[in-house]
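Visitor: Here it is, the structure in full.
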Amino acid sequence: MVENNELRKVGLKVTLPRVKILQMLDSAGQRHMSAEDVYKALMDAGEDVGLATVYRVLTQFEAAGLVVRHNFDGGHAVFELADSGHHDHMVCVDTGEVIEFFDPEIEKLQREIVRKHGFDLVDHNLVLYVRKTS
């Protein structure tokens, strides 16, 4: 029922594929999923939603502001629900794992650097590419 309200709130018609995909994104163990990940999870759950439909619905969700698309280097697009506040990302270059983090000191330093150069910070996207230490 919550999914139906979310879809209506952003002006999207409530359809079974949209509800199923939104439920999958909301309940998945991982926050960052590719269209293929969503498709595979739906298939594993016995849902009959085609890959083309998953791509189309995720694009619609992005346009409506329900999800955020990330195109991390060396990989394909991943999506996350746009329900959390600002955060930055670390991407493991060996496994592709995406780790979210928020650091007030980093945020403060970025604002200071921007002001020092005579600008106002409008938005930013910080991605750190990392490798586990041995």
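In the structure tokens, chains take the letters A, B, ... in the order shown, each chain's residues start at 1, and ligands count up from 1 in the order shown.
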Quick one: residues within 8 Å of stretch 99-104 of chain A, only C-alpha atoms counted, chain neighbours fewer than 3 positions away excluded, as a tab-separated table (two decimals) with C-alpha atoms, in the first residue's frame?

Guide:
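Just written: result-v5.tsv:
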chain	number	residue	atom	x	y	z
A	86	HIS	CA	23.06	13.06	1.58
A	87	HIS	CA	25.88	10.54	1.72
A	88	ASP	CA	29.04	9.74	-0.19
A	89	HIS	CA	30.25	6.45	-1.61
A	90	MET	CA	33.26	4.18	-1.60
A	91	VAL	CA	33.49	1.60	-4.38
A	107	GLU	CA	31.37	18.03	4.23
A	108	LYS	CA	32.65	21.07	6.15

Visitor: Quick one: residues within 9 Å of stretch 31-35 of chain A, only C-alpha atoms, excluding same-chain residues fewer than 4 positions away - as a ChimeraX atom specification?

Guide: /A:25-27,39-40,51,54-55,58,70,76-81,97-98

Visitor: With DSSP run on the backbone, what are the helix (DSSP H, G or I) residues within chain A? I'd like them as an MDAnalysis selection string.

Guide: chainID A and resid 2:9 16:27 35:44 51:64 104:116

Visitor: In terms of the shortest atom-to-atom distance over only C-alpha atoms, which of A:Val38, A:Leu22, A:Val10, A:Cys92 is closest to A:Phe72?

Guide: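 Ranking A:Val38, A:Leu22, A:Val10, A:Cys92 by distance to A:Phe72, first place goes to A:Cys92.
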
Visitor: Do you know which residues are at most 12 Å from A:Val2 counting only C-alpha atoms, after dropping those on the same chain fewer than 5 positions away, and could you put them as a PyMOL selection string?

Guide: chain A and resi 7-9+14+19-20+22-23+26

Visitor: Quick one: write out the picked residues with all heavy atoms as a short mmCIF file (atom, residue, chain, number, x, y, z; two decimals), in the first residue's frame?

Guide:
data_model
loop_
_atom_site.label_atom_id
_atom_site.label_comp_id
_atom_site.auth_asym_id
_atom_site.auth_seq_id
_atom_site.Cartn_x
_atom_site.Cartn_y
_atom_site.Cartn_z
N LEU A 7 3.99 5.91 -5.62
CA LEU A 7 3.85 6.03 -7.07
C LEU A 7 2.88 7.16 -7.43
O LEU A 7 3.17 7.99 -8.30
CB LEU A 7 3.39 4.71 -7.68
CG LEU A 7 4.41 3.57 -7.66
CD1 LEU A 7 3.76 2.26 -8.07
CD2 LEU A 7 5.60 3.88 -8.54
N ARG A 8 1.75 7.19 -6.76
CA ARG A 8 0.76 8.24 -7.04
C ARG A 8 1.31 9.63 -6.73
O ARG A 8 1.06 10.59 -7.45
CB ARG A 8 -0.51 7.99 -6.23
CG ARG A 8 -1.36 6.87 -6.77
CD ARG A 8 -2.73 6.82 -6.10
NE ARG A 8 -3.43 5.61 -6.46
CZ ARG A 8 -3.53 4.54 -5.66
NH1 ARG A 8 -3.01 4.55 -4.45
NH2 ARG A 8 -4.16 3.47 -6.07
N LYS A 9 2.07 9.72 -5.62
CA LYS A 9 2.60 11.01 -5.18
C LYS A 9 3.50 11.63 -6.24
O LYS A 9 3.57 12.85 -6.37
CB LYS A 9 3.37 10.82 -3.86
CG LYS A 9 3.73 12.11 -3.20
CD LYS A 9 4.31 11.99 -1.78
CE LYS A 9 4.85 10.67 -1.39
NZ LYS A 9 5.51 10.67 -0.08
N VAL A 14 -0.21 3.37 -10.94
CA VAL A 14 0.12 2.17 -10.17
C VAL A 14 -0.07 0.95 -11.07
O VAL A 14 -1.20 0.65 -11.48
CB VAL A 14 -0.76 2.05 -8.90
CG1 VAL A 14 -0.46 0.76 -8.16
CG2 VAL A 14 -0.54 3.25 -8.00
N VAL A 19 4.99 -1.61 -8.85
CA VAL A 19 4.87 -1.94 -7.42
C VAL A 19 5.90 -3.00 -7.05
O VAL A 19 6.59 -2.88 -6.03
CB VAL A 19 3.43 -2.41 -7.09
CG1 VAL A 19 3.37 -2.99 -5.68
CG2 VAL A 19 2.45 -1.26 -7.23
N LYS A 20 6.03 -4.04 -7.86
CA LYS A 20 6.97 -5.13 -7.57
C LYS A 20 8.42 -4.62 -7.54
O LYS A 20 9.20 -4.98 -6.67
CB LYS A 20 6.84 -6.26 -8.60
CG LYS A 20 5.53 -6.99 -8.54
CD LYS A 20 5.39 -7.75 -7.25
CE LYS A 20 4.08 -8.51 -7.20
NZ LYS A 20 3.84 -9.09 -5.89
N LEU A 22 9.45 -1.49 -7.03
CA LEU A 22 9.62 -0.61 -5.87
C LEU A 22 9.74 -1.42 -4.58
O LEU A 22 10.59 -1.13 -3.73
CB LEU A 22 8.45 0.38 -5.79
CG LEU A 22 8.61 1.56 -4.85
CD1 LEU A 22 9.88 2.35 -5.14
CD2 LEU A 22 7.40 2.47 -4.94
N GLN A 23 8.93 -2.45 -4.44
CA GLN A 23 9.02 -3.33 -3.27
C GLN A 23 10.39 -4.01 -3.22
O GLN A 23 10.99 -4.12 -2.13
CB GLN A 23 7.93 -4.41 -3.30
CG GLN A 23 6.55 -3.90 -2.98
CD GLN A 23 5.47 -4.96 -3.17
OE1 GLN A 23 5.66 -5.95 -3.90
NE2 GLN A 23 4.34 -4.75 -2.53
N ASP A 26 13.01 -1.60 -2.09
CA ASP A 26 12.80 -1.25 -0.69
C ASP A 26 13.22 -2.36 0.26
O ASP A 26 13.70 -2.10 1.36
CB ASP A 26 11.33 -0.89 -0.47
CG ASP A 26 11.09 -0.22 0.87
OD1 ASP A 26 11.96 0.56 1.31
OD2 ASP A 26 10.03 -0.47 1.47
#
